[in-house]
>>> print(open('entry03.txt').read())   # compact mmCIF, C-alpha atoms
# COMPACT_ATOMS: atom_id res chain seq x y z
CA MET A 1 -25.04 -8.69 8.65
CA SER A 2 -22.32 -8.80 6.06
CA PRO A 3 -22.75 -6.69 2.94
CA PRO A 4 -23.78 -8.45 -0.24
CA ARG A 5 -20.81 -9.86 -2.05
CA THR A 6 -19.53 -7.99 -5.01
CA PRO A 7 -19.63 -10.40 -7.92
CA TRP A 8 -16.26 -11.40 -9.18
CA ALA A 9 -15.19 -13.18 -12.27
CA GLY A 10 -15.16 -16.62 -10.79
CA ALA A 11 -12.23 -17.96 -8.84
CA PRO A 12 -9.29 -18.88 -11.01
CA PRO A 13 -8.69 -22.62 -10.81
CA GLY A 14 -6.53 -23.50 -7.85
CA THR A 15 -6.98 -20.18 -6.15
CA ASP A 16 -9.02 -19.88 -3.04
CA HIS A 17 -10.16 -16.32 -2.43
CA ALA A 18 -10.98 -16.91 1.20
CA ASP A 19 -7.51 -18.32 1.74
CA LEU A 20 -5.78 -15.40 0.15
CA ALA A 21 -8.02 -12.97 2.02
CA ALA A 22 -7.11 -14.69 5.29
CA LEU A 23 -3.43 -14.36 4.43
CA LEU A 24 -3.86 -10.66 3.69
CA ALA A 25 -5.54 -10.22 7.06
CA ARG A 26 -2.47 -11.76 8.70
CA VAL A 27 -0.16 -9.62 6.59
CA ALA A 28 -2.06 -6.57 7.82
CA VAL A 29 -0.87 -7.29 11.37
CA GLY A 30 2.71 -7.72 10.29
CA ASP A 31 2.86 -11.50 9.95
CA GLN A 32 5.95 -12.17 7.87
CA ALA A 33 5.15 -15.85 7.36
CA ALA A 34 1.74 -14.92 5.98
CA PHE A 35 3.43 -12.43 3.70
CA ASP A 36 5.72 -15.16 2.38
CA ALA A 37 2.77 -17.46 1.76
CA MET A 38 0.83 -14.68 0.06
CA TYR A 39 3.87 -13.87 -2.06
CA ASP A 40 4.13 -17.47 -3.23
CA ARG A 41 0.52 -17.34 -4.33
CA VAL A 42 0.52 -14.09 -6.27
CA ALA A 43 4.12 -13.36 -7.24
CA ALA A 44 3.85 -14.94 -10.68
CA PRO A 45 0.72 -13.05 -11.79
CA VAL A 46 2.16 -9.83 -10.38
CA PHE A 47 5.56 -10.24 -11.98
CA GLY A 48 4.08 -11.42 -15.28
CA THR A 49 1.72 -8.46 -15.45
CA VAL A 50 4.39 -5.96 -14.53
CA ARG A 51 6.81 -7.42 -17.05
CA SER A 52 4.29 -7.37 -19.86
CA VAL A 53 3.78 -3.65 -19.31
CA VAL A 54 7.26 -2.55 -18.25
CA ARG A 55 9.27 -4.87 -20.55
CA ASP A 56 12.70 -4.12 -19.11
CA PRO A 57 13.69 -7.05 -16.83
CA GLY A 58 15.52 -4.96 -14.24
CA LEU A 59 12.80 -2.38 -14.07
CA SER A 60 10.17 -5.12 -13.88
CA GLU A 61 11.85 -6.52 -10.79
CA GLU A 62 12.04 -3.10 -9.25
CA VAL A 63 8.38 -2.39 -9.89
CA THR A 64 7.38 -5.86 -8.62
CA GLN A 65 9.27 -5.14 -5.44
CA GLU A 66 7.43 -1.83 -5.07
CA VAL A 67 4.13 -3.59 -5.61
CA PHE A 68 4.77 -6.06 -2.79
CA VAL A 69 6.00 -3.39 -0.42
CA GLU A 70 2.75 -1.56 -1.17
CA VAL A 71 0.75 -4.74 -0.54
CA TRP A 72 2.55 -5.13 2.79
CA ARG A 73 2.00 -1.50 3.68
CA ALA A 74 -1.66 -1.32 2.70
CA ALA A 75 -2.83 -4.85 3.53
CA SER A 76 -5.18 -3.49 6.19
CA ARG A 77 -6.99 -1.53 3.47
CA PHE A 78 -8.03 -4.63 1.59
CA ASP A 79 -11.82 -4.88 1.80
CA ALA A 80 -13.25 -8.25 0.83
CA SER A 81 -16.69 -6.71 0.35
CA LYS A 82 -15.31 -4.71 -2.57
CA GLY A 83 -13.67 -7.45 -4.55
CA SER A 84 -11.40 -10.46 -4.49
CA PRO A 85 -7.91 -10.32 -2.99
CA MET A 86 -6.39 -11.25 -6.35
CA ALA A 87 -8.13 -8.31 -8.00
CA TRP A 88 -6.87 -6.03 -5.26
CA VAL A 89 -3.27 -7.16 -5.69
CA ALA A 90 -3.46 -7.20 -9.49
CA THR A 91 -4.87 -3.67 -9.47
CA ILE A 92 -1.96 -2.41 -7.39
CA ALA A 93 0.49 -4.20 -9.69
CA HIS A 94 -0.96 -3.02 -12.97
CA ARG A 95 -1.49 0.54 -11.82
CA ARG A 96 2.06 0.75 -10.54
CA ALA A 97 3.44 -0.68 -13.78
CA VAL A 98 1.58 1.67 -16.11
CA ASP A 99 2.34 4.67 -13.94
CA ARG A 100 6.00 3.78 -14.12
CA VAL A 101 6.17 3.39 -17.89
CA ARG A 102 4.12 6.51 -18.43
CA SER A 103 6.40 8.62 -16.30
CA GLU A 104 9.53 7.09 -17.85
CA GLN A 105 8.36 7.16 -21.42
CA ARG A 106 6.33 10.32 -21.45
CA SER A 107 8.63 11.80 -24.01
CA ALA A 108 9.60 8.57 -25.74
CA ASP A 109 9.08 8.01 -29.39
CA ARG A 110 5.54 6.88 -30.05
CA ASP A 111 6.41 4.74 -33.03
CA ARG A 112 8.88 2.75 -31.02
CA ARG A 113 6.31 2.24 -28.33
CA ALA A 114 3.76 1.12 -30.87
CA ALA A 115 6.18 -1.44 -32.21
CA SER A 116 6.97 -2.77 -28.76
CA SER A 117 3.32 -3.28 -27.90
CA VAL A 118 2.89 -5.82 -30.65
CA ILE A 119 5.81 -7.71 -29.24
CA ALA A 120 4.31 -7.40 -25.79
CA TYR A 121 1.19 -9.33 -26.63
CA ASP A 122 3.07 -12.10 -28.42
CA ASP A 123 5.49 -12.44 -25.54
CA VAL A 124 2.68 -12.66 -23.07
CA ALA A 125 1.13 -15.51 -24.98
CA GLU A 126 4.45 -17.31 -24.91
CA THR A 127 5.16 -16.63 -21.29
CA VAL A 128 1.96 -18.17 -20.08
CA ALA A 129 2.03 -21.21 -22.36
CA ASP A 130 2.00 -23.58 -19.39
CA ASN A 131 -0.55 -21.63 -17.43
CA LEU A 132 -3.85 -23.47 -17.04
CA ASP A 133 -5.79 -20.32 -16.49
CA ARG A 134 -4.40 -18.87 -19.66
CA GLU A 135 -6.34 -21.22 -21.93
CA ARG A 136 -9.59 -20.12 -20.42
CA VAL A 137 -8.71 -16.45 -20.62
CA ARG A 138 -7.56 -16.92 -24.19
CA ARG A 139 -10.77 -18.67 -25.12
CA CYS A 140 -12.82 -15.92 -23.53
CA LEU A 141 -10.76 -13.23 -25.24
CA GLY A 142 -11.72 -15.05 -28.41
CA THR A 143 -15.39 -14.32 -27.77
CA LEU A 144 -14.73 -10.58 -27.94
CA THR A 145 -14.97 -8.62 -31.16
CA ASP A 146 -11.59 -7.81 -32.71
CA LEU A 147 -11.83 -4.22 -31.66
CA GLN A 148 -12.85 -5.10 -28.11
CA ARG A 149 -10.03 -7.61 -27.78
CA GLU A 150 -7.38 -5.32 -29.20
CA ALA A 151 -8.53 -2.43 -27.07
CA VAL A 152 -8.47 -4.55 -23.91
CA THR A 153 -5.13 -6.27 -24.52
CA LEU A 154 -3.30 -3.17 -25.77
CA ALA A 155 -4.43 -1.34 -22.65
CA TYR A 156 -3.75 -4.14 -20.20
CA TYR A 157 -0.64 -5.82 -21.53
CA GLY A 158 0.70 -2.85 -23.43
CA GLY A 159 -0.04 -0.26 -20.77
CA TYR A 160 -1.54 2.20 -23.24
CA THR A 161 -4.12 4.83 -22.45
CA TYR A 162 -7.39 4.59 -24.30
CA ARG A 163 -6.44 7.67 -26.30
CA GLN A 164 -3.18 5.99 -27.36
CA VAL A 165 -5.08 2.84 -28.22
CA ALA A 166 -7.41 4.97 -30.34
CA GLY A 167 -4.39 6.37 -32.14
CA LEU A 168 -2.88 2.92 -32.67
CA LEU A 169 -6.10 1.45 -34.00
CA GLY A 170 -7.22 4.52 -35.92
CA VAL A 171 -10.63 4.74 -34.28
CA PRO A 172 -12.20 7.54 -32.23
CA ALA A 173 -11.31 7.60 -28.52
CA GLY A 174 -14.96 7.45 -27.53
CA THR A 175 -15.38 4.25 -29.50
CA VAL A 176 -12.35 2.73 -27.80
CA SER A 177 -13.62 3.55 -24.32
CA THR A 178 -16.99 1.90 -24.94
CA ARG A 179 -15.31 -1.13 -26.54
CA MET A 180 -13.07 -1.51 -23.53
CA ARG A 181 -16.07 -1.52 -21.26
CA ASP A 182 -18.12 -3.87 -23.42
CA GLY A 183 -15.11 -6.13 -23.87
CA LEU A 184 -14.40 -6.38 -20.16
CA ILE A 185 -18.04 -7.08 -19.39
CA ARG A 186 -18.05 -9.88 -21.92
CA LEU A 187 -14.76 -11.22 -20.60
CA ARG A 188 -16.02 -11.12 -17.04
CA ASP A 189 -19.20 -12.96 -17.96
CA CYS A 190 -17.36 -15.53 -20.04
CA LEU A 191 -14.89 -16.23 -17.25
CA GLY A 192 -17.77 -17.43 -15.21
CA ALA A 193 -18.37 -14.37 -13.51
CA GLY A 194 -21.46 -13.67 -13.15
CA ARG A 195 -23.18 -12.37 -10.30
CA MET B 1 -12.32 20.20 -34.32
CA ARG B 2 -12.31 19.35 -30.65
CA ILE B 3 -12.23 15.76 -29.52
CA ARG B 4 -15.54 14.93 -27.92
CA ARG B 5 -15.17 13.63 -24.42
CA PRO B 6 -16.92 10.38 -23.58
CA GLN B 7 -19.41 10.39 -20.73
CA PRO B 8 -17.59 9.56 -17.50
CA HIS B 9 -19.44 6.32 -16.86
CA THR B 10 -18.50 4.94 -20.26
CA LEU B 11 -14.89 5.23 -19.07
CA ALA B 12 -15.37 2.53 -16.42
CA GLY B 13 -13.70 -0.05 -18.66
CA ALA B 14 -10.79 2.19 -19.51
CA TYR B 15 -10.43 3.02 -15.84
CA ALA B 16 -10.42 -0.65 -14.82
CA LEU B 17 -7.68 -1.21 -17.41
CA ASP B 18 -5.68 1.74 -16.04
CA ALA B 19 -6.04 3.24 -19.51
CA LEU B 20 -6.87 6.68 -18.20
CA ASP B 21 -4.06 9.11 -17.76
CA GLY B 22 -3.78 12.24 -15.60
CA PRO B 23 -6.80 14.47 -16.10
CA ASP B 24 -8.98 11.66 -17.48
CA ARG B 25 -8.29 9.51 -14.46
CA ALA B 26 -8.94 12.35 -12.03
CA ARG B 27 -12.16 13.20 -13.82
CA PHE B 28 -13.42 9.64 -13.65
CA GLU B 29 -12.48 9.34 -9.98
CA ARG B 30 -14.37 12.53 -9.19
CA HIS B 31 -17.36 11.12 -10.98
CA ALA B 32 -17.07 7.68 -9.35
CA ALA B 33 -16.94 9.25 -5.90
CA ARG B 34 -20.57 10.23 -6.42
CA CYS B 35 -21.58 7.24 -8.50
CA GLN B 36 -21.99 4.01 -6.55
CA GLU B 37 -22.97 2.13 -9.67
CA CYS B 38 -19.68 3.15 -11.32
CA THR B 39 -17.66 1.99 -8.34
CA ARG B 40 -19.48 -1.32 -8.35
CA GLU B 41 -18.97 -1.72 -12.06
CA VAL B 42 -15.26 -0.99 -11.81
CA SER B 43 -14.95 -3.60 -9.06
CA GLY B 44 -16.63 -6.18 -11.25
CA LEU B 45 -14.47 -5.33 -14.26
CA ARG B 46 -11.36 -5.55 -12.12
CA GLU B 47 -12.18 -9.18 -11.46
CA ALA B 48 -11.87 -9.63 -15.20
CA THR B 49 -8.60 -7.70 -15.47
CA ALA B 50 -7.26 -9.76 -12.54
CA ARG B 51 -7.74 -12.81 -14.73
CA LEU B 52 -5.71 -11.14 -17.44
CA ALA B 53 -3.02 -10.83 -14.78
CA THR B 54 -3.14 -14.48 -13.75
CA ALA B 55 -3.04 -15.45 -17.42
CA ALA B 56 0.21 -13.53 -17.78
CA ALA B 57 1.85 -15.26 -14.83
CA ALA B 58 5.64 -15.51 -15.00
CA ARG B 59 7.98 -16.64 -12.27
CA PRO B 60 9.96 -13.79 -10.74
CA PRO B 61 13.67 -14.18 -9.90
CA ALA B 62 14.09 -16.13 -6.67
CA ALA B 63 16.18 -13.40 -5.07
CA LEU B 64 13.22 -11.07 -5.07
CA LYS B 65 11.61 -12.81 -2.11
CA GLU B 66 14.67 -12.30 0.07
CA THR B 67 14.95 -8.67 -0.95
CA LEU B 68 11.33 -8.20 0.00
CA ARG B 69 11.85 -9.68 3.46
CA ALA B 70 14.33 -6.93 4.19
CA GLU B 71 12.08 -4.30 2.63
CA THR B 72 8.94 -5.24 4.54
CA ALA B 73 10.87 -5.47 7.76
CA ARG B 74 11.62 -1.78 7.56
CA THR B 75 8.34 -0.64 6.07
CA ARG B 76 5.67 0.67 8.35
CA GLN B 77 2.17 -0.61 7.70
CA LEU B 78 -0.92 1.50 7.38
CA PRO B 79 -3.60 1.19 10.02
CA PRO B 80 -7.03 0.12 8.77
CA ALA B 81 -9.03 2.84 7.08
CA THR B 82 -11.61 3.52 9.72
CA ARG B 83 -13.00 6.97 9.92
CA GLY B 84 -14.60 8.34 13.06
CA SER B 85 -15.54 4.85 14.12
CA HIS B 86 -11.92 4.17 14.94
CA ALA B 87 -12.17 4.67 18.68
CA ALA B 88 -15.48 2.87 18.92
CA GLY B 89 -14.26 0.08 16.67
CA ARG B 90 -11.42 -0.49 19.02
CA ALA B 91 -14.07 -1.70 21.36
CA ARG B 92 -12.70 0.14 24.35
CA PRO B 93 -12.57 -2.99 26.40
CA ARG B 94 -13.08 -2.68 30.11
CA LEU B 95 -9.88 -1.55 31.66
CA GLY B 96 -8.35 -4.83 32.69
CA ALA B 97 -5.71 -5.26 35.30
CA ARG B 98 -2.98 -5.08 32.65
CA ARG B 99 -4.53 -2.30 30.72
CA LEU B 100 -3.46 1.19 31.52
CA GLY B 101 -5.71 4.19 31.20
CA VAL B 102 -4.96 6.78 28.55
CA ARG B 103 -4.68 9.47 31.13
CA ARG B 104 -2.26 7.47 33.23
CA LEU B 105 -0.16 6.78 30.17
CA ALA B 106 -0.26 10.38 29.15
CA LEU B 107 0.87 11.24 32.66
CA ALA B 108 3.59 8.68 32.37
CA LEU B 109 4.72 10.42 29.22
CA GLY B 110 6.04 13.29 31.24
CA GLY B 111 3.57 15.04 33.44
CA ALA B 112 1.04 17.71 33.11
CA ALA B 113 2.42 19.36 30.01
CA ALA B 114 2.35 16.10 28.12
CA VAL B 115 -1.13 15.34 29.38
CA ALA B 116 -2.30 18.64 28.02
CA ALA B 117 -0.51 18.10 24.74
CA VAL B 118 -1.69 14.55 24.29
CA THR B 119 -5.20 15.49 25.27
CA VAL B 120 -5.52 18.23 22.72
CA TRP B 121 -3.97 16.10 20.00
CA VAL B 122 -6.23 13.21 20.77
CA THR B 123 -9.32 15.37 20.77
CA GLY B 124 -8.02 17.03 17.66
CA SER B 125 -8.69 20.61 18.67
CA LEU B 126 -5.12 21.56 17.86
CA GLY B 127 -2.72 20.25 15.32
CA PRO B 128 0.65 19.03 16.47
CA PRO B 129 3.18 21.80 17.07
CA ALA B 130 5.26 22.86 14.12
CA GLY B 131 8.00 20.39 13.30
CA GLN B 132 6.23 17.68 15.23
CA PRO B 133 5.74 14.73 12.93
CA SER B 134 3.69 12.50 15.19
CA SER B 135 -0.01 12.64 14.68
CA GLY B 136 -2.38 12.67 17.59
CA GLN B 137 -4.20 9.72 16.12
CA GLU B 138 -1.08 7.61 16.14
CA ILE B 139 -0.29 8.55 19.68
CA ALA B 140 -3.84 7.79 20.72
CA ALA B 141 -3.65 4.45 18.94
CA VAL B 142 -0.59 3.40 20.92
CA LEU B 143 -1.91 4.72 24.22
CA THR B 144 -5.19 2.87 23.82
CA ALA B 145 -3.73 -0.35 22.45
CA PRO B 146 -4.89 -3.28 24.59
CA ASP B 147 -1.31 -4.48 24.98
CA ALA B 148 0.24 -1.10 25.76
CA VAL B 149 3.10 -1.28 28.22
CA LYS B 150 5.15 1.48 29.77
CA LEU B 151 8.89 1.65 30.23
CA THR B 152 11.03 4.34 31.79
CA ALA B 153 14.74 4.91 31.53
CA GLN B 154 17.42 7.40 32.45
CA VAL B 155 19.30 9.26 29.74
CA ARG B 156 23.07 9.19 30.38
CA THR B 157 23.57 12.89 29.91
CA GLY B 158 20.62 13.78 32.08
CA GLY B 159 16.88 13.53 31.97
CA SER B 160 14.48 10.64 31.80
CA ALA B 161 12.54 8.99 29.07
CA THR B 162 9.16 7.34 29.07
CA ILE B 163 8.10 4.90 26.43
CA VAL B 164 4.65 3.46 25.87
CA MET B 165 4.72 0.60 23.47
CA SER B 166 2.35 -1.73 21.69
CA HIS B 167 4.00 -4.87 20.39
CA HIS B 168 0.87 -5.77 18.52
CA ASP B 169 0.89 -2.54 16.53
CA GLY B 170 4.68 -2.49 16.38
CA MET B 171 4.63 1.09 17.58
CA LEU B 172 5.85 3.11 20.50
CA VAL B 173 5.48 6.62 21.80
CA PHE B 174 8.60 8.20 23.20
CA ALA B 175 8.78 11.26 25.40
CA ALA B 176 11.54 12.65 27.57
CA ALA B 177 11.94 15.30 30.21
CA GLY B 178 14.95 17.15 31.58
CA LEU B 179 17.17 16.43 28.63
CA ARG B 180 20.40 18.38 28.35
CA ARG B 181 19.96 21.29 26.01
CA LEU B 182 21.73 20.89 22.69
CA PRO B 183 23.39 23.49 20.49
CA ALA B 184 21.16 24.59 17.64
CA ALA B 185 23.00 22.44 15.11
CA GLN B 186 22.37 19.23 17.04
CA HIS B 187 19.31 17.17 17.80
CA TYR B 188 18.32 13.98 19.59
CA GLU B 189 17.58 11.08 17.29
CA LEU B 190 15.74 7.87 18.14
CA TRP B 191 16.95 4.54 16.76
CA LEU B 192 15.58 1.07 16.46
CA ILE B 193 18.51 -1.27 16.89
CA GLY B 194 17.73 -4.70 15.60
CA PRO B 195 19.35 -7.88 14.41
CA GLY B 196 19.57 -6.45 10.91
CA ARG B 197 20.76 -2.92 11.18
CA ASP B 198 20.01 0.31 12.94
CA ARG B 199 17.02 2.23 11.65
CA PRO B 200 16.43 5.89 12.43
CA ALA B 201 13.12 6.12 14.25
CA GLY B 202 12.58 9.83 14.38
CA ARG B 203 14.04 13.13 15.38
CA LEU B 204 13.06 14.26 18.82
CA PRO B 205 11.57 17.73 18.82
CA THR B 206 12.52 19.72 21.88
CA SER B 207 10.67 22.49 23.56
CA SER B 208 11.84 25.37 25.68
CA HIS B 209 10.89 23.78 28.98
CA GLY B 210 12.93 20.61 28.66
CA MET B 211 10.14 18.38 27.43
CA ALA B 212 10.92 16.39 24.33
CA GLY B 213 8.42 14.55 22.23
CA PRO B 214 6.16 12.74 22.20
CA VAL B 215 7.16 11.10 18.96
CA VAL B 216 5.85 7.88 17.51
CA ALA B 217 8.17 5.21 16.19
CA SER B 218 6.75 2.36 14.21
CA GLY B 219 7.88 -0.82 12.56
CA LEU B 220 9.09 -2.45 15.77
CA ARG B 221 10.27 -6.00 15.47
CA SER B 222 10.84 -8.51 18.20
CA GLY B 223 14.38 -8.28 19.45
CA ASP B 224 14.60 -4.57 18.73
CA ARG B 225 16.20 -2.21 21.17
CA LEU B 226 15.53 1.47 21.36
CA GLY B 227 18.39 3.93 21.31
CA LEU B 228 18.87 7.66 21.61
CA SER B 229 21.84 9.58 20.26
CA VAL B 230 22.86 13.11 19.43
CA GLU B 231 23.13 13.81 15.73
CA THR B 232 24.09 16.80 13.68
CA THR B 233 22.99 15.83 10.21
CA ALA B 234 19.35 15.40 9.42
CA GLY B 235 18.58 12.13 7.70
CA THR B 236 21.67 10.26 8.82
CA ARG B 237 21.26 6.53 8.25
CA ARG B 238 23.21 5.30 11.25
CA PRO B 239 24.12 6.67 14.66
CA THR B 240 27.31 8.71 14.68
CA THR B 241 27.63 9.19 18.45
CA PRO B 242 27.39 6.75 21.37
CA MET B 243 23.91 5.86 22.60
CA LEU B 244 22.74 7.94 25.53
CA LEU B 245 20.06 5.41 26.23
CA GLU B 246 19.61 1.87 25.14
CA LEU B 247 16.58 -0.11 26.04
CA THR B 248 15.44 -3.63 25.28
CA LEU B 249 11.86 -3.50 24.10
>>> encode(input="entry03.txt", output="structure tokens")
Amino acid sequence: MSPPRTPWAGAPPGTDHADLAALLARVAVGDQAAFDAMYDRVAAPVFGTVRSVVRDPGLSEEVTQEVFVEVWRAASRFDASKGSPMAWVATIAHRRAVDRVRSEQRSADRDRRAASSVIAYDDVAETVADNLDRERVRRCLGTLTDLQREAVTLAYYGGYTYRQVAGLLGVPAGTVSTRMRDGLIRLRDCLGAGR
Amino acid sequence: MRIRRPQPHTLAGAYALDALDGPDRARFERHAARCQECTREVSGLREATARLATAAAARPPAALKETLRAETARTRQLPPATRGSHAAGRARPRLGARRLGVRRLALALGGAAAVAAVTVWVTGSLGPPAGQPSSGQEIAAVLTAPDAVKLTAQVRTGGSATIVMSHHDGMLVFAAAGLRRLPAAQHYELWLIGPGRDRPAGRLPTSSHGMAGPVVASGLRSGDRLGLSVETTAGTRRPTTPMLLELTL
């Protein structure tokens, strides 16, 4: 009856997909208590992701708020057959964050942005020092080639487009796009993904 | 020399990382709309990027949760994305004793004219009249909600109002008949009056023959009352004249 499950990259330790999906279903019908519970579960990943991309603390809060209003608004559109609830929320968060920095910094000085991205990755590592999941992600990032890893982290934590990443790393854009794909596939498989 | 563009499907990784901007993103999305494999691949890769998100976890300021409570309370939620199957998916349960028929509700919303209007909107053969923000689908959703209830009330300056409301969906349809005509610069405005603060719930479009609405108001909360006032400025955030109607929902 139910469609085959889309493979996901293994449940992060301590996170129960079914639980979060059930909360989202309650949020979809306007259940404020469910929203609070859902918030407690995903606020840290959302805020951390937004902050790594946006950098500015005030703006990060603002974007995080927008992300959760969007989650509230669109909860009924979450489709468990298409992926995990965490991926759905993280996608909204990351997309919103990069869209915000791109619109705000469209004309900003590229050199300054390049400098800040290096800081971004270091800061991220520091921020998540006590995060259990972080060790595993870090280890799996370590299985990527240098180019794959840099392409993936500059894009995700730095919020760069693949063309900007190509410029930063001095490699052709086409190479960057394939490395991003290969890198994510390897990361997914390493994280216990699988199918 | 021109930069060679990568094949769209090789951009799945960049897309999952939100590393495509403007035209690149649009191009990939056009491609993915026809490429099931791409959509599946992006979903799988997003499970990996989600782990990058959890690895970056950082505690947000505590005040954010309170701010969000207020925000969600006044933010209307999207209905599920069902296309075509919407009516069928609603299961059209047997009309129970408490359940009112669409036609009866439409009648309740102000007589034959409203029936005609609601009917054409529901069947979709006509768009809503100009300046009419309520979609037929929304109206149909409220009218066919299993918990739909009907209320009627008199407007102080003349006329009567009919409200059909679904607590479950947090929505209501408002229509009025025989309202006093207003000068061109004024309009009737609906309000949701709650424990927090008053929220504008929609401007009431009026027609030549004294019928007003139907309009849909959403985001109802328990304890809300419905109000109607006369306003001059579009987009005013709080009522500036006394309520002509106030109804506990």
>>> closest_residue(input="entry03.txt", among="B:Ala33, B:Met165, B:Ala50, B:Ala16", to="chain A", atoms="all atoms listed in the file")
B:Ala50
>>> atom_distance(input="entry03.txt", atom1="atom CA of A:Glu62", atom2="atom CA of A:Arg95")
14.2 Å
>>> residues_near_point(input="entry03.txt", point="(-10.4, 9.1, -18.9)", cutoff="7 Å", atoms="all atoms listed in the file", output="list in words")
Leu11, Ala14, Tyr15, Leu20, Asp21, Asp24, Arg25, Arg27 and Phe28 of chain B
>>> write_last_selection(input="entry03.txt", atoms="C-alpha atoms", output="PDB file, keeping the file's coordinate frame")
ATOM      1  CA  LEU B  11     -14.890   5.230 -19.070  1.00  0.00           C
ATOM      2  CA  ALA B  14     -10.790   2.190 -19.510  1.00  0.00           C
ATOM      3  CA  TYR B  15     -10.430   3.020 -15.840  1.00  0.00           C
ATOM      4  CA  LEU B  20      -6.870   6.680 -18.200  1.00  0.00           C
ATOM      5  CA  ASP B  21      -4.060   9.110 -17.760  1.00  0.00           C
ATOM      6  CA  ASP B  24      -8.980  11.660 -17.480  1.00  0.00           C
ATOM      7  CA  ARG B  25      -8.290   9.510 -14.460  1.00  0.00           C
ATOM      8  CA  ARG B  27     -12.160  13.200 -13.820  1.00  0.00           C
ATOM      9  CA  PHE B  28     -13.420   9.640 -13.650  1.00  0.00           C
TER      10      PHE B  28
END
>>> closest_atom_pairs(input="entry03.txt", of="chain A", to="chain B", cutoff="7 Å", atoms="all atoms listed in the file", output="JSON lines")
{"residue": "A:Pro7", "atom": "CA", "partner": "B:Gly44", "partner_atom": "CA", "distance": 6.2}
{"residue": "A:Trp8", "atom": "CA", "partner": "B:Glu47", "partner_atom": "CA", "distance": 5.2}
{"residue": "A:Ala9", "atom": "CA", "partner": "B:Glu47", "partner_atom": "CA", "distance": 5.1}
{"residue": "A:Ala43", "atom": "CA", "partner": "B:Pro60", "partner_atom": "CA", "distance": 6.8}
{"residue": "A:Ala44", "atom": "CA", "partner": "B:Ala57", "partner_atom": "CA", "distance": 4.6}
{"residue": "A:Pro45", "atom": "CA", "partner": "B:Ala57", "partner_atom": "CA", "distance": 3.9}
{"residue": "A:Val46", "atom": "CA", "partner": "B:Ala53", "partner_atom": "CA", "distance": 6.9}
{"residue": "A:Phe47", "atom": "CA", "partner": "B:Pro60", "partner_atom": "CA", "distance": 5.8}
{"residue": "A:Gly48", "atom": "CA", "partner": "B:Ala58", "partner_atom": "CA", "distance": 4.4}
{"residue": "A:Thr49", "atom": "CA", "partner": "B:Ala53", "partner_atom": "CA", "distance": 5.3}
{"residue": "A:Gln65", "atom": "CA", "partner": "B:Leu68", "partner_atom": "CA", "distance": 6.6}
{"residue": "A:Val69", "atom": "CA", "partner": "B:Thr72", "partner_atom": "CA", "distance": 6.1}
{"residue": "A:Trp72", "atom": "CA", "partner": "B:Thr72", "partner_atom": "CA", "distance": 6.6}
{"residue": "A:Arg73", "atom": "CA", "partner": "B:Gln77", "partner_atom": "CA", "distance": 4.1}
{"residue": "A:Ala74", "atom": "CA", "partner": "B:Leu78", "partner_atom": "CA", "distance": 5.5}
{"residue": "A:Ser76", "atom": "CA", "partner": "B:Pro80", "partner_atom": "CA", "distance": 4.8}
{"residue": "A:Arg77", "atom": "CA", "partner": "B:Pro80", "partner_atom": "CA", "distance": 5.6}
{"residue": "A:Lys82", "atom": "CA", "partner": "B:Ser43", "partner_atom": "CA", "distance": 6.6}
{"residue": "A:Gly83", "atom": "CA", "partner": "B:Ser43", "partner_atom": "CA", "distance": 6.1}
{"residue": "A:Met86", "atom": "CA", "partner": "B:Ala50", "partner_atom": "CA", "distance": 6.4}
{"residue": "A:Ala87", "atom": "CA", "partner": "B:Ala50", "partner_atom": "CA", "distance": 4.8}
{"residue": "A:Ala90", "atom": "CA", "partner": "B:Ala50", "partner_atom": "CA", "distance": 5.5}
{"residue": "A:Arg95", "atom": "CA", "partner": "B:Asp18", "partner_atom": "CA", "distance": 6.1}
{"residue": "A:Val124", "atom": "CA", "partner": "B:Ala56", "partner_atom": "CA", "distance": 5.9}
{"residue": "A:Thr127", "atom": "CA", "partner": "B:Ala58", "partner_atom": "CA", "distance": 6.4}
{"residue": "A:Val128", "atom": "CA", "partner": "B:Ala56", "partner_atom": "CA", "distance": 5.5}
{"residue": "A:Asn131", "atom": "CA", "partner": "B:Ala55", "partner_atom": "CA", "distance": 6.7}
{"residue": "A:Asp133", "atom": "CA", "partner": "B:Ala55", "partner_atom": "CA", "distance": 5.7}
{"residue": "A:Arg134", "atom": "CA", "partner": "B:Ala55", "partner_atom": "CA", "distance": 4.3}
{"residue": "A:Val137", "atom": "CA", "partner": "B:Ala55", "partner_atom": "CA", "distance": 6.6}
{"residue": "A:Ala155", "atom": "CA", "partner": "B:Ala19", "partner_atom": "CA", "distance": 5.8}
{"residue": "A:Tyr156", "atom": "CA", "partner": "B:Leu17", "partner_atom": "CA", "distance": 5.6}
{"residue": "A:Tyr160", "atom": "CA", "partner": "B:Ala19", "partner_atom": "CA", "distance": 5.9}
{"residue": "A:Thr161", "atom": "CA", "partner": "B:Ala19", "partner_atom": "CA", "distance": 3.9}
{"residue": "A:Tyr162", "atom": "CA", "partner": "B:Ala19", "partner_atom": "CA", "distance": 5.2}
{"residue": "A:Gly174", "atom": "CA", "partner": "B:Pro6", "partner_atom": "CA", "distance": 5.3}
{"residue": "A:Ser177", "atom": "CA", "partner": "B:Leu11", "partner_atom": "CA", "distance": 5.7}
{"residue": "A:Thr178", "atom": "CA", "partner": "B:Thr10", "partner_atom": "CA", "distance": 5.8}
{"residue": "A:Met180", "atom": "CA", "partner": "B:Gly13", "partner_atom": "CA", "distance": 5.1}
{"residue": "A:Arg181", "atom": "CA", "partner": "B:Gly13", "partner_atom": "CA", "distance": 3.8}
{"residue": "A:Leu184", "atom": "CA", "partner": "B:Leu45", "partner_atom": "CA", "distance": 6.0}
{"residue": "A:Ile185", "atom": "CA", "partner": "B:Leu45", "partner_atom": "CA", "distance": 6.5}
{"residue": "A:Leu187", "atom": "CA", "partner": "B:Ala48", "partner_atom": "CA", "distance": 6.3}
{"residue": "A:Arg188", "atom": "CA", "partner": "B:Ala48", "partner_atom": "CA", "distance": 4.8}
